[in-house]
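Student: This one is final.cif, mmCIF, C-alpha atoms.
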```
data_upload
#
loop_
_atom_site.label_atom_id
_atom_site.label_comp_id
_atom_site.auth_asym_id
_atom_site.auth_seq_id
_atom_site.Cartn_x
_atom_site.Cartn_y
_atom_site.Cartn_z
CA MET T 1 -35.79 -14.08 12.63
CA SER T 2 -38.50 -15.67 10.53
CA SER T 3 -37.50 -18.34 7.99
CA VAL T 4 -38.82 -15.93 5.33
CA ALA T 5 -37.60 -12.34 5.17
CA ILE T 6 -37.07 -9.60 2.63
CA ILE T 7 -34.44 -6.89 2.49
CA ILE T 8 -35.60 -3.76 0.64
CA ASN T 9 -34.22 -0.39 -0.52
CA ILE T 10 -30.66 -1.71 -0.83
CA ALA T 11 -28.49 1.11 -2.23
CA GLN T 12 -26.34 -1.39 -4.15
CA LEU T 13 -26.62 -5.18 -4.25
CA VAL T 14 -23.09 -6.26 -5.15
CA ASN T 15 -21.83 -9.33 -7.05
CA VAL T 16 -25.15 -10.48 -8.43
CA ARG T 17 -24.69 -13.53 -10.64
CA GLU T 18 -27.17 -15.87 -12.28
CA HIS T 19 -24.55 -18.63 -12.35
CA SER T 20 -21.23 -19.18 -10.57
CA GLN T 21 -18.13 -18.97 -12.72
CA LEU T 22 -14.44 -18.78 -11.86
CA LEU T 23 -13.19 -15.36 -12.97
CA MET T 24 -9.89 -15.06 -14.85
CA GLY T 25 -7.97 -12.15 -16.28
CA THR T 26 -10.07 -9.16 -17.33
CA ALA T 27 -13.29 -10.87 -16.13
CA LEU T 28 -12.09 -10.30 -12.57
CA ALA T 29 -12.89 -6.59 -12.92
CA GLU T 30 -16.54 -7.27 -13.80
CA LEU T 31 -18.61 -6.86 -10.65
CA PRO T 32 -22.36 -6.92 -11.43
CA VAL T 33 -24.39 -4.56 -9.24
CA ILE T 34 -28.10 -3.77 -8.90
CA GLU T 35 -28.94 -0.30 -7.58
CA ASN T 36 -32.03 0.23 -5.41
CA ALA T 37 -32.54 -3.49 -4.94
CA PHE T 38 -34.26 -6.13 -2.84
CA VAL T 39 -33.35 -9.67 -1.71
CA LEU T 40 -35.83 -12.32 -0.61
CA ILE T 41 -34.56 -14.95 1.85
CA GLU T 42 -36.24 -18.28 2.54
CA ASP T 43 -34.89 -20.88 4.97
CA GLY T 44 -31.47 -19.26 5.03
CA LEU T 45 -31.10 -19.17 1.23
CA ILE T 46 -31.39 -16.43 -1.38
CA ALA T 47 -34.78 -17.05 -3.00
CA GLU T 48 -35.14 -13.97 -5.24
CA TYR T 49 -33.60 -10.58 -5.91
CA GLY T 50 -34.01 -7.66 -8.27
CA HIS T 51 -34.67 -3.94 -8.65
CA MET T 52 -37.17 -2.37 -6.28
CA TYR T 53 -39.42 -1.59 -9.24
CA GLU T 54 -39.64 -5.36 -9.87
CA LEU T 55 -40.65 -6.16 -6.29
CA GLU T 56 -44.41 -6.33 -6.76
CA LEU T 57 -44.00 -8.57 -9.83
CA LYS T 58 -41.41 -10.93 -8.33
CA VAL T 59 -42.74 -10.98 -4.75
CA PRO T 60 -46.52 -10.36 -4.92
CA GLN T 61 -46.96 -10.86 -1.16
CA LEU T 62 -44.37 -9.48 1.21
CA PRO T 63 -43.34 -11.67 4.17
CA LYS T 64 -43.92 -10.34 7.66
CA TYR T 65 -40.23 -9.79 8.33
CA VAL T 66 -39.02 -6.77 6.33
CA ILE T 67 -35.51 -5.28 6.66
CA ASP T 68 -35.04 -1.75 5.32
CA ALA T 69 -31.44 -1.37 4.09
CA ALA T 70 -31.78 2.23 2.85
CA GLY T 71 -28.36 3.71 2.15
CA GLN T 72 -26.54 0.41 2.63
CA PHE T 73 -24.57 -1.76 0.23
CA ILE T 74 -25.00 -5.52 0.53
CA LEU T 75 -22.22 -7.92 -0.55
CA PRO T 76 -21.78 -11.67 -0.32
CA ALA T 77 -19.76 -12.56 2.78
CA TRP T 78 -16.03 -13.08 2.33
CA CYS T 79 -14.72 -16.55 1.46
CA ASP T 80 -11.34 -16.92 3.20
CA SER T 81 -9.78 -19.92 1.47
CA HIS T 82 -6.43 -20.14 3.32
CA THR T 83 -6.10 -19.96 7.12
CA HIS T 84 -4.30 -21.61 10.03
CA LEU T 85 -6.94 -20.38 12.46
CA LEU T 86 -6.53 -23.34 14.83
CA PHE T 87 -3.48 -22.75 17.05
CA ALA T 88 -2.73 -22.91 20.76
CA ALA T 89 -0.88 -19.65 21.42
CA SER T 90 0.23 -16.38 19.87
CA ARG T 91 3.87 -15.70 18.93
CA GLU T 92 4.47 -12.03 19.64
CA ASN T 93 7.96 -12.79 20.99
CA GLU T 94 8.94 -13.77 17.46
CA PHE T 95 7.35 -10.53 16.27
CA ILE T 96 9.95 -8.74 18.41
CA ASP T 97 12.69 -10.96 16.93
CA LYS T 98 11.61 -9.88 13.45
CA ILE T 99 11.75 -6.21 14.48
CA LYS T 100 15.32 -6.86 15.68
CA GLY T 101 16.22 -8.18 12.26
CA LEU T 102 15.95 -11.98 12.46
CA THR T 103 14.63 -13.66 9.33
CA TYR T 104 11.82 -16.21 9.10
CA ALA T 105 14.43 -18.94 8.50
CA GLU T 106 16.60 -17.81 11.44
CA ILE T 107 13.66 -17.85 13.83
CA ALA T 108 12.74 -21.35 12.63
CA ALA T 109 16.35 -22.53 13.05
CA LYS T 110 16.39 -21.62 16.75
CA GLY T 111 13.19 -23.57 17.49
CA GLY T 112 10.70 -20.86 16.72
CA GLY T 113 8.16 -20.67 13.96
CA ILE T 114 6.06 -23.73 13.20
CA LEU T 115 7.92 -25.90 15.75
CA ASN T 116 7.08 -23.38 18.47
CA SER T 117 3.38 -23.60 17.61
CA ALA T 118 3.60 -27.40 17.43
CA GLU T 119 5.01 -27.69 20.94
CA LYS T 120 2.23 -25.53 22.38
CA LEU T 121 -0.49 -27.27 20.42
CA ASN T 122 0.56 -30.73 21.49
CA ASN T 123 0.31 -29.59 25.13
CA ALA T 124 -3.25 -28.29 24.65
CA THR T 125 -6.44 -30.35 24.92
CA GLU T 126 -9.08 -30.64 22.21
CA ASP T 127 -11.49 -28.65 24.38
CA GLU T 128 -8.97 -25.84 24.88
CA LEU T 129 -8.26 -25.68 21.17
CA PHE T 130 -11.96 -25.66 20.33
CA VAL T 131 -12.73 -22.76 22.69
CA GLN T 132 -9.89 -20.65 21.28
CA ALA T 133 -10.79 -21.40 17.66
CA TRP T 134 -14.48 -20.70 18.31
CA LYS T 135 -13.62 -17.20 19.57
CA ARG T 136 -11.56 -16.57 16.43
CA LEU T 137 -14.41 -17.80 14.22
CA GLU T 138 -16.79 -15.41 15.99
CA GLU T 139 -14.34 -12.57 15.45
CA VAL T 140 -13.83 -13.15 11.72
CA SER T 141 -17.54 -13.72 11.10
CA LYS T 142 -18.30 -10.29 12.58
CA LEU T 143 -15.71 -8.91 10.13
CA GLY T 144 -17.72 -10.40 7.25
CA THR T 145 -16.26 -13.88 6.69
CA GLY T 146 -18.96 -16.43 5.87
CA ALA T 147 -16.83 -19.30 4.56
CA ILE T 148 -13.40 -20.33 5.75
CA GLU T 149 -10.77 -23.01 5.18
CA ILE T 150 -8.82 -24.18 8.25
CA LYS T 151 -5.58 -26.18 8.08
CA SER T 152 -3.91 -28.55 10.48
CA GLY T 153 -0.11 -28.47 10.54
CA TYR T 154 0.79 -27.48 14.09
CA GLY T 155 0.63 -31.05 15.39
CA LEU T 156 3.46 -32.68 13.42
CA THR T 157 2.75 -35.95 15.21
CA VAL T 158 0.08 -38.52 14.50
CA GLU T 159 -1.76 -37.58 17.70
CA GLY T 160 -1.34 -33.83 17.21
CA GLU T 161 -2.50 -33.73 13.60
CA LEU T 162 -5.51 -35.93 14.32
CA LYS T 163 -6.36 -33.77 17.33
CA MET T 164 -6.37 -30.65 15.17
CA LEU T 165 -8.49 -32.22 12.45
CA ARG T 166 -11.00 -33.53 14.99
CA VAL T 167 -11.36 -30.02 16.43
CA ILE T 168 -11.92 -28.62 12.92
CA LYS T 169 -14.58 -31.30 12.35
CA LYS T 170 -16.30 -30.21 15.56
CA LEU T 171 -16.15 -26.58 14.42
CA LYS T 172 -17.82 -27.64 11.16
CA GLU T 173 -20.60 -29.34 13.09
CA LYS T 174 -21.21 -26.46 15.52
CA SER T 175 -20.64 -23.34 13.39
CA ALA T 176 -23.03 -21.73 10.94
CA LEU T 177 -20.09 -20.79 8.71
CA SER T 178 -19.16 -22.91 5.70
CA ILE T 179 -15.89 -24.57 6.80
CA LYS T 180 -13.44 -26.70 4.83
CA SER T 181 -10.65 -28.71 6.44
CA THR T 182 -7.14 -29.16 5.02
CA PHE T 183 -4.57 -31.68 6.25
CA LEU T 184 -1.15 -29.99 6.45
CA GLY T 185 0.91 -32.62 8.25
CA ALA T 186 3.68 -31.64 5.83
CA HIS T 187 4.13 -28.18 7.33
CA THR T 188 7.70 -28.79 8.47
CA TYR T 189 9.84 -31.70 9.63
CA PRO T 190 9.68 -32.42 13.39
CA LEU T 191 13.08 -32.32 15.12
CA GLN T 192 13.22 -36.10 15.47
CA PHE T 193 12.89 -36.43 11.67
CA LYS T 194 15.25 -33.59 10.75
CA GLU T 195 17.74 -36.06 9.26
CA ASN T 196 15.13 -38.64 8.23
CA HIS T 197 12.71 -36.92 5.90
CA GLN T 198 11.41 -40.14 4.40
CA GLY T 199 10.61 -41.45 7.88
CA TYR T 200 8.23 -38.54 8.50
CA ILE T 201 6.73 -38.79 5.01
CA ASP T 202 6.11 -42.48 5.67
CA SER T 203 4.35 -41.55 8.93
CA ILE T 204 2.12 -39.09 7.06
CA ILE T 205 1.26 -41.68 4.42
CA ASN T 206 0.95 -44.80 6.59
CA ASP T 207 -0.10 -43.51 10.01
CA MET T 208 -2.04 -40.29 9.41
CA LEU T 209 -3.81 -40.50 6.06
CA PRO T 210 -5.67 -43.81 6.67
CA VAL T 211 -7.16 -42.49 9.93
CA ILE T 212 -8.00 -39.12 8.37
CA ALA T 213 -9.83 -40.86 5.55
CA GLY T 214 -11.53 -43.32 7.90
CA GLU T 215 -12.91 -40.54 10.12
CA ASN T 216 -13.59 -38.15 7.20
CA LEU T 217 -11.43 -35.48 8.82
CA ALA T 218 -10.19 -33.51 5.80
CA ASP T 219 -11.36 -32.12 2.47
CA TYR T 220 -7.93 -31.21 1.07
CA ILE T 221 -4.22 -31.91 1.52
CA ASP T 222 -1.47 -29.31 1.68
CA VAL T 223 2.35 -29.26 1.71
CA PHE T 224 4.71 -26.39 2.53
CA CYS T 225 7.04 -26.59 -0.48
CA GLU T 226 10.03 -24.45 0.41
CA THR T 227 13.80 -24.49 0.92
CA GLY T 228 14.47 -26.11 4.29
CA PHE T 229 10.99 -27.65 4.37
CA PHE T 230 9.52 -29.97 1.69
CA LEU T 231 11.05 -30.28 -1.78
CA PRO T 232 8.88 -30.65 -4.90
CA GLY T 233 9.50 -34.40 -5.15
CA GLU T 234 8.54 -34.88 -1.50
CA MET T 235 5.40 -32.81 -2.09
CA GLU T 236 4.52 -35.03 -5.05
CA GLN T 237 4.87 -38.20 -2.98
CA ILE T 238 2.63 -36.84 -0.20
CA CYS T 239 -0.01 -35.40 -2.53
CA LYS T 240 -0.28 -38.57 -4.60
CA ALA T 241 -0.89 -40.51 -1.39
CA GLY T 242 -3.57 -37.98 -0.40
CA LEU T 243 -5.23 -38.20 -3.81
CA GLN T 244 -5.74 -41.93 -3.27
CA TYR T 245 -8.06 -40.94 -0.42
CA GLY T 246 -9.81 -38.22 -2.45
CA LEU T 247 -7.88 -35.31 -0.90
CA LYS T 248 -7.13 -32.75 -3.61
CA PRO T 249 -4.02 -30.57 -3.16
CA LYS T 250 -4.09 -26.92 -2.04
CA LEU T 251 -0.43 -25.99 -1.78
CA HIS T 252 2.01 -23.54 -0.18
CA VAL T 253 4.51 -22.62 -2.91
CA ASN T 254 6.96 -19.83 -3.75
CA GLN T 255 6.64 -17.94 -0.46
CA LEU T 256 10.35 -17.48 0.17
CA ASN T 257 12.06 -19.17 -2.77
CA SER T 258 11.38 -20.50 -6.25
CA ILE T 259 12.31 -24.21 -6.16
CA GLY T 260 9.94 -25.85 -8.65
CA GLY T 261 6.77 -25.81 -6.57
CA ILE T 262 4.75 -24.16 -9.35
CA GLU T 263 5.63 -26.82 -11.90
CA MET T 264 4.88 -29.63 -9.46
CA GLY T 265 1.66 -28.02 -8.26
CA LEU T 266 0.39 -27.75 -11.82
CA LYS T 267 1.43 -31.34 -12.52
CA LEU T 268 -0.63 -32.39 -9.49
CA ASN T 269 -3.63 -30.39 -10.78
CA ALA T 270 -3.79 -28.48 -7.50
CA VAL T 271 -7.02 -26.67 -6.65
CA SER T 272 -4.93 -23.66 -5.67
CA LEU T 273 -1.32 -22.55 -5.41
CA ASP T 274 -0.97 -20.22 -2.44
CA HIS T 275 1.49 -17.46 -1.43
CA LEU T 276 3.43 -16.82 -4.70
CA GLU T 277 5.52 -13.94 -3.33
CA THR T 278 8.61 -14.97 -5.30
CA LEU T 279 7.31 -15.65 -8.81
CA ASN T 280 9.58 -15.21 -11.81
CA GLU T 281 8.50 -14.48 -15.40
CA GLN T 282 8.77 -18.14 -16.46
CA GLU T 283 6.48 -19.22 -13.59
CA ILE T 284 3.94 -16.51 -14.39
CA ASN T 285 3.88 -17.76 -17.99
CA LEU T 286 3.40 -21.33 -16.75
CA LEU T 287 0.44 -20.27 -14.62
CA CYS T 288 -1.00 -18.34 -17.52
CA ASN T 289 -0.57 -21.20 -19.99
CA GLN T 290 -1.57 -24.03 -17.66
CA GLN T 291 -4.63 -24.97 -19.72
CA SER T 292 -2.51 -25.82 -22.76
CA MET T 293 0.19 -27.46 -20.65
CA LEU T 294 -2.27 -29.69 -18.83
CA SER T 295 -4.71 -30.77 -21.49
CA GLY T 296 -6.06 -33.89 -19.80
CA LYS T 297 -9.80 -34.36 -19.54
CA GLY T 298 -11.43 -33.01 -16.43
CA HIS T 299 -8.62 -30.54 -15.70
CA LYS T 300 -9.74 -27.44 -13.82
CA GLU T 301 -7.92 -24.14 -13.73
CA THR T 302 -5.54 -23.90 -10.79
CA ILE T 303 -6.27 -20.76 -8.76
CA CYS T 304 -3.52 -18.40 -7.60
CA THR T 305 -4.34 -17.55 -3.98
CA LEU T 306 -2.55 -14.42 -2.79
CA LEU T 307 -1.98 -13.62 0.88
CA PRO T 308 -0.92 -9.96 1.08
CA THR T 309 -1.10 -9.63 4.86
CA ALA T 310 1.57 -12.33 5.19
CA ALA T 311 3.88 -10.44 2.82
CA PHE T 312 3.13 -7.26 4.79
CA PHE T 313 3.83 -8.84 8.18
CA LEU T 314 7.09 -10.44 6.97
CA ARG T 315 8.14 -7.23 5.17
CA MET T 316 8.41 -9.09 1.88
CA GLY T 317 7.64 -7.85 -1.60
CA PHE T 318 3.94 -8.20 -2.37
CA GLN T 319 2.68 -10.78 -4.82
CA PRO T 320 2.62 -9.71 -8.50
CA ALA T 321 -1.16 -9.60 -8.69
CA ARG T 322 -1.25 -7.17 -11.60
CA LYS T 323 0.95 -9.38 -13.80
CA LEU T 324 -1.01 -12.50 -12.93
CA ILE T 325 -4.34 -10.86 -13.72
CA ASP T 326 -3.10 -9.21 -16.90
CA THR T 327 -1.81 -12.56 -18.20
CA GLY T 328 -5.19 -14.21 -17.61
CA CYS T 329 -4.82 -16.05 -14.31
CA ALA T 330 -7.56 -16.77 -11.79
CA ILE T 331 -6.84 -14.92 -8.53
CA ALA T 332 -8.25 -15.48 -5.04
CA LEU T 333 -7.45 -13.51 -1.89
CA ALA T 334 -7.18 -14.98 1.60
CA SER T 335 -5.95 -13.93 5.04
CA ASP T 336 -3.43 -16.69 5.90
CA TYR T 337 -4.60 -16.15 9.51
CA ASN T 338 -1.86 -17.73 11.64
CA PRO T 339 0.18 -16.83 14.75
CA GLY T 340 3.55 -16.46 13.03
CA SER T 341 3.26 -14.57 9.76
CA SER T 342 -0.29 -13.18 9.51
CA PRO T 343 -1.98 -12.86 12.91
CA SER T 344 -5.17 -11.37 11.47
CA GLY T 345 -8.25 -12.83 9.85
CA ASN T 346 -9.59 -9.44 8.75
CA MET T 347 -10.52 -9.87 5.10
CA ASN T 348 -11.42 -6.17 4.82
CA LEU T 349 -7.75 -5.38 5.45
CA VAL T 350 -6.73 -8.04 2.91
CA ILE T 351 -8.89 -6.33 0.27
CA ALA T 352 -7.59 -2.86 1.10
CA MET T 353 -3.97 -4.04 1.03
CA SER T 354 -4.55 -5.77 -2.31
CA CYS T 355 -5.74 -2.50 -3.83
CA ILE T 356 -3.14 -0.27 -2.17
CA GLN T 357 -0.05 -2.46 -2.47
CA MET T 358 -0.85 -4.86 -5.34
CA LYS T 359 -2.75 -2.38 -7.55
CA MET T 360 -5.86 -4.51 -7.79
CA LEU T 361 -9.05 -2.66 -8.66
CA PRO T 362 -11.69 -2.70 -5.89
CA GLU T 363 -13.92 -4.82 -8.13
CA GLU T 364 -11.09 -7.31 -8.72
CA ALA T 365 -10.32 -7.57 -5.01
CA ILE T 366 -13.96 -8.10 -4.05
CA ASN T 367 -14.41 -10.81 -6.69
CA ALA T 368 -11.16 -12.47 -5.59
CA ALA T 369 -12.34 -12.50 -1.95
CA THR T 370 -15.85 -13.77 -2.73
CA ILE T 371 -16.62 -15.86 -5.82
CA ASN T 372 -13.02 -16.87 -6.61
CA GLY T 373 -12.35 -17.54 -2.93
CA ALA T 374 -15.38 -19.81 -2.94
CA PHE T 375 -13.95 -21.75 -5.90
CA ALA T 376 -10.57 -21.99 -4.14
CA MET T 377 -12.18 -23.89 -1.27
CA GLY T 378 -14.89 -25.80 -3.14
CA VAL T 379 -17.95 -23.93 -1.82
CA ASP T 380 -18.78 -22.11 -5.06
CA ASN T 381 -22.17 -23.85 -5.21
CA GLU T 382 -23.25 -22.32 -1.88
CA CYS T 383 -21.27 -19.11 -1.26
CA GLY T 384 -19.44 -16.23 -2.91
CA SER T 385 -22.14 -14.39 -4.88
CA ILE T 386 -25.71 -13.13 -4.78
CA THR T 387 -27.25 -16.10 -6.59
CA ILE T 388 -30.62 -17.79 -6.14
CA GLY T 389 -30.18 -20.97 -4.09
CA LYS T 390 -26.96 -19.87 -2.38
CA LYS T 391 -26.68 -19.22 1.34
CA ALA T 392 -27.83 -15.81 2.54
CA ASN T 393 -24.36 -14.99 3.86
CA LEU T 394 -24.41 -11.22 3.52
CA ILE T 395 -22.41 -8.16 4.56
CA PHE T 396 -24.43 -4.99 5.27
CA THR T 397 -22.20 -1.93 5.00
CA LYS T 398 -22.63 1.34 6.79
CA THR T 399 -23.60 4.24 4.53
CA ILE T 400 -20.79 4.61 1.97
CA PRO T 401 -20.53 6.67 -1.24
CA SER T 402 -19.21 3.87 -3.49
CA ILE T 403 -17.78 0.36 -3.52
CA ALA T 404 -14.28 1.82 -3.88
CA TYR T 405 -14.71 3.48 -0.49
CA LEU T 406 -14.29 0.08 1.22
CA PRO T 407 -10.56 -0.34 0.41
CA TYR T 408 -9.98 3.43 0.27
CA SER T 409 -11.03 3.99 3.89
CA PHE T 410 -8.90 1.08 5.09
CA GLY T 411 -8.74 2.11 8.74
CA SER T 412 -12.49 2.32 9.30
CA ASN T 413 -14.89 -0.47 10.17
CA LEU T 414 -17.50 -0.05 7.46
CA ILE T 415 -19.50 -3.19 8.28
CA ASP T 416 -22.82 -2.47 9.95
CA LYS T 417 -23.93 -6.08 10.40
CA VAL T 418 -23.41 -9.57 9.01
CA MET T 419 -25.96 -12.23 8.13
CA ILE T 420 -25.07 -15.94 8.02
CA ASN T 421 -27.63 -18.43 6.68
CA GLY T 422 -30.28 -15.72 6.82
CA GLN T 423 -29.66 -14.89 10.49
CA PHE T 424 -27.92 -11.81 11.86
CA ILE T 425 -24.94 -12.65 14.04
#
```
Turn the structure described in the file into structure tokens.

Tutor:
Amino acid sequence: MSSVAIIINIAQLVNVREHSQLLMGTALAELPVIENAFVLIEDGLIAEYGHMYELELKVPQLPKYVIDAAGQFILPAWCDSHTHLLFAASRENEFIDKIKGLTYAEIAAKGGGILNSAEKLNNATEDELFVQAWKRLEEVSKLGTGAIEIKSGYGLTVEGELKMLRVIKKLKEKSALSIKSTFLGAHTYPLQFKENHQGYIDSIINDMLPVIAGENLADYIDVFCETGFFLPGEMEQICKAGLQYGLKPKLHVNQLNSIGGIEMGLKLNAVSLDHLETLNEQEINLLCNQQSMLSGKGHKETICTLLPTAAFFLRMGFQPARKLIDTGCAIALASDYNPGSSPSGNMNLVIAMSCIQMKMLPEEAINAATINGAFAMGVDNECGSITIGKKANLIFTKTIPSIAYLPYSFGSNLIDKVMINGQFI
């Protein structure tokens, strides 16, 4: 495709914004749309847009490459801000265990779960991991994902964690998608450190973080704060060490139990607090009132990232999205793509499930999966909305009657094609 192209006759151009802004509370339901629209693309970026009646004024001379999108909706590509896309093998045997009634904790206790993935990953080569991850990236991009965060956390050794992060760095270099890397060495305690938690924390701080910083292998740091995994004080120690290297926290909290992860995450000024299946009223109020609680200069709102497909797969109660939105929180949606608790990177399903099971409006879900997702992974200046200067990462729908039809018709593939950096994939 030419470096200059124009898309015309767009039925609806969705999530058009002059400036990027994190959406909180009632603002999440505001989804600006232009009917019968055009978009001009130059060198992979959005250069202009507007109503078709403005075309001659805004674009006096049409480029040679013209795309007629009659009957189609165009949206910014999904921004999936929480995934574990890099893994060595699937875990469908544990899926059977869950059907038979074993809990997440019981599977982990018998050597399954994260430790299962760690064993397989440490036996795989960087090249093998890259090839597998590349196929998954291709799959999710065809489903409309244009920006994605990928975590380590299945190494649990110095060599394994560094291997994962080096593969993610290679994916960044080779892929057209916007990719962010998160160091999750604190995913669980390896068996040899089961009775020596501080020994493993020391390894993270002294053996892993200096190399990660030296090779520029991560953008963020994460900790799985949960009963039987890392306690809030341990999370604080790890995150403060990461912050010394410029790694801001994006944290797993309140998936299975409420143990103080919310309070600690807010204290650490986390970019996002993710999962949140087990929130109580006090924690919801803390999230709502975080601005007044954390009044230091430079504080940014912590985003609540909800992962409904993980709750679905584990047969847990869904996250209280409606309460969080109604109390004024900033919500993002992500897939949690991983082999154990959410083996799907399909953001279209995430959006449908958010509307069906969490009572989010279609407009709220789309905003949470685009502009707020972009903020939750630090790519809000380049992705997440139809804004001049942002990447032309676009979803072209098939002919649909309305934006609400996307989550309503949850079993249908309604994506016609996807554009990344101005190129169809």

Student: Can you measure atom CA of His187 of chain T to atom CA of Val223 of chain T for me? One decimal in Å is fine.

Tutor: 6.0 Å

Student: With distances taken over all atoms listed in the file, which residue among T:Leu243, T:Lys169, T:Gly411, T:Pro339 lies nearest Asn93 of chain T?

Tutor: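 Ranked by minimum distance to Asn93 of chain T, first place goes to T:Pro339.
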
Student: To test your reading of the syntax: which residues would the PyMOL selection byres ((chain T and resi 77-87) around 8) return for the file shown? Reply as a PyMOL selection string.

Tutor: chain T and resi 75-76+88-90+117+121+129+132-133+136+144-152+154+164+168+274+333-339+345+347+369-371+373-374+376-377+383-384+393-395+418

Student: I'd like the interatomic distance between atom CA of Leu143 of chain T and atom CA of Leu45 of chain T, to a tenth of an Å.

Tutor: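 Separation between atom CA of Leu143 of chain T and atom CA of Leu45 of chain T: 20.5 Å.
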
Student: Have a look at T:Gln282, T:Gln21, T:Gln423, T:Asn123 and name the one nearest to Gly44 of chain T; count all atoms listed in the file.

Tutor: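 Residue with the minimum atom-to-atom distance to Gly44 of chain T: T:Gln423.
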
Student: Just to confirm, what's the straight-line distance from atom CA of Cys288 of chain T to atom CA of Asn257 of chain T in Å (one decimal)?

Tutor: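 That distance, rounded to one decimal, is 19.7 Å.
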
Student: So, counting all atoms listed in the file, which residue among T:Leu115, T:Ala27, T:Ala176, T:Ala186 is closest to Gly422 of chain T?

Tutor: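 Nearest candidate to Gly422 of chain T out of T:Leu115, T:Ala27, T:Ala176, T:Ala186: T:Ala176.
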
Student: Closest to Met360 of chain T among T:Ile403, T:Gly378, T:Val66, T:Leu28, using all atoms listed in the file?

Tutor: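 Checking each of T:Ile403, T:Gly378, T:Val66, T:Leu28 against Met360 of chain T, counting all atoms listed in the file, the winner is T:Leu28.
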
Student: Under the rule that only C-alpha atoms are counted, which of T:Phe95, T:Phe38, T:Phe313, T:Tyr408 is the nearest residue to Val59 of chain T?

Tutor: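 For Val59 of chain T, the nearest of the candidates is T:Phe38.
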
Student: For Pro63 of chain T, which residue out of T:Leu287, T:Leu256, T:Ile10, T:Val39 is the nearest one, using only C-alpha atoms?

Tutor: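 When distances to Pro63 of chain T are compared using only C-alpha atoms, the smallest one comes from T:Val39.
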
Student: What's the 12 Å shell around Ser354 of chain T, counting all atoms listed in the file, without same-chain residues fewer than 2 positions away, as a PyMOL selection string?

Tutor: chain T and resi 305-312+318-322+331-335+347-352+356-369+406-408+410

Student: Suppose a student applies the PyMOL selection byres ((chain T and resi 226-230) around 10) to this structure; what residues should they get, written as a PyMOL selection string?

Tutor: chain T and resi 105+108-109+186-189+194+197+201+223-225+231-236+238+252-261

Student: Given the point (-37.2, -11.6, -7.2) in the coordinates of this file, which residues lie within 9 Å, counting all atoms listed in the file, and how would they look as an MDAnalysis selection string?

Tutor: chainID T and resid 38:40 47:51 54:59

Student: Using the selection just defined, write its residues with C-alpha atoms as a PDB file, in the frame of the given file.

Tutor:
```pdb
ATOM      1  CA  PHE T  38     -34.260  -6.130  -2.840  1.00  0.00           C
ATOM      2  CA  VAL T  39     -33.350  -9.670  -1.710  1.00  0.00           C
ATOM      3  CA  LEU T  40     -35.830 -12.320  -0.610  1.00  0.00           C
ATOM      4  CA  ALA T  47     -34.780 -17.050  -3.000  1.00  0.00           C
ATOM      5  CA  GLU T  48     -35.140 -13.970  -5.240  1.00  0.00           C
ATOM      6  CA  TYR T  49     -33.600 -10.580  -5.910  1.00  0.00           C
ATOM      7  CA  GLY T  50     -34.010  -7.660  -8.270  1.00  0.00           C
ATOM      8  CA  HIS T  51     -34.670  -3.940  -8.650  1.00  0.00           C
ATOM      9  CA  GLU T  54     -39.640  -5.360  -9.870  1.00  0.00           C
ATOM     10  CA  LEU T  55     -40.650  -6.160  -6.290  1.00  0.00           C
ATOM     11  CA  GLU T  56     -44.410  -6.330  -6.760  1.00  0.00           C
ATOM     12  CA  LEU T  57     -44.000  -8.570  -9.830  1.00  0.00           C
ATOM     13  CA  LYS T  58     -41.410 -10.930  -8.330  1.00  0.00           C
ATOM     14  CA  VAL T  59     -42.740 -10.980  -4.750  1.00  0.00           C
TER      15      VAL T  59
END
```

Student: Could you work out an axis-aligned bounding box for all listed atoms of segment 248-259 of chain T, with 4 Å added on each of the six sides, and give its centre and edge lengths in Å to one decimal, as lines of an AutoDock Vina configuration file?

Tutor:
```
center_x = 2.6
center_y = -25.1
center_z = -3.0
size_x = 27.4
size_y = 23.3
size_z = 14.4
```

Student: Can you rebuild segment 200-206 of chain T with N, CA and C atoms and give it as a PDB file, keeping the file's coordinate frame?

Tutor:
```
ATOM      1  N   TYR T 200       9.428 -39.339   8.180  1.00  0.00           N
ATOM      2  CA  TYR T 200       8.230 -38.540   8.500  1.00  0.00           C
ATOM      3  C   TYR T 200       7.205 -38.630   7.382  1.00  0.00           C
ATOM      4  N   ILE T 201       7.663 -38.629   6.133  1.00  0.00           N
ATOM      5  CA  ILE T 201       6.730 -38.790   5.010  1.00  0.00           C
ATOM      6  C   ILE T 201       6.003 -40.127   5.120  1.00  0.00           C
ATOM      7  N   ASP T 202       6.735 -41.168   5.486  1.00  0.00           N
ATOM      8  CA  ASP T 202       6.110 -42.480   5.670  1.00  0.00           C
ATOM      9  C   ASP T 202       5.051 -42.433   6.770  1.00  0.00           C
ATOM     10  N   SER T 203       5.324 -41.669   7.840  1.00  0.00           N
ATOM     11  CA  SER T 203       4.350 -41.550   8.930  1.00  0.00           C
ATOM     12  C   SER T 203       3.086 -40.833   8.441  1.00  0.00           C
ATOM     13  N   ILE T 204       3.270 -39.790   7.632  1.00  0.00           N
ATOM     14  CA  ILE T 204       2.120 -39.090   7.060  1.00  0.00           C
ATOM     15  C   ILE T 204       1.277 -40.055   6.218  1.00  0.00           C
ATOM     16  N   ILE T 205       1.962 -40.814   5.370  1.00  0.00           N
ATOM     17  CA  ILE T 205       1.260 -41.680   4.420  1.00  0.00           C
ATOM     18  C   ILE T 205       0.645 -42.907   5.093  1.00  0.00           C
ATOM     19  N   ASN T 206       1.384 -43.516   6.017  1.00  0.00           N
ATOM     20  CA  ASN T 206       0.950 -44.800   6.590  1.00  0.00           C
ATOM     21  C   ASN T 206       0.184 -44.673   7.903  1.00  0.00           C
TER      22      ASN T 206
END
```
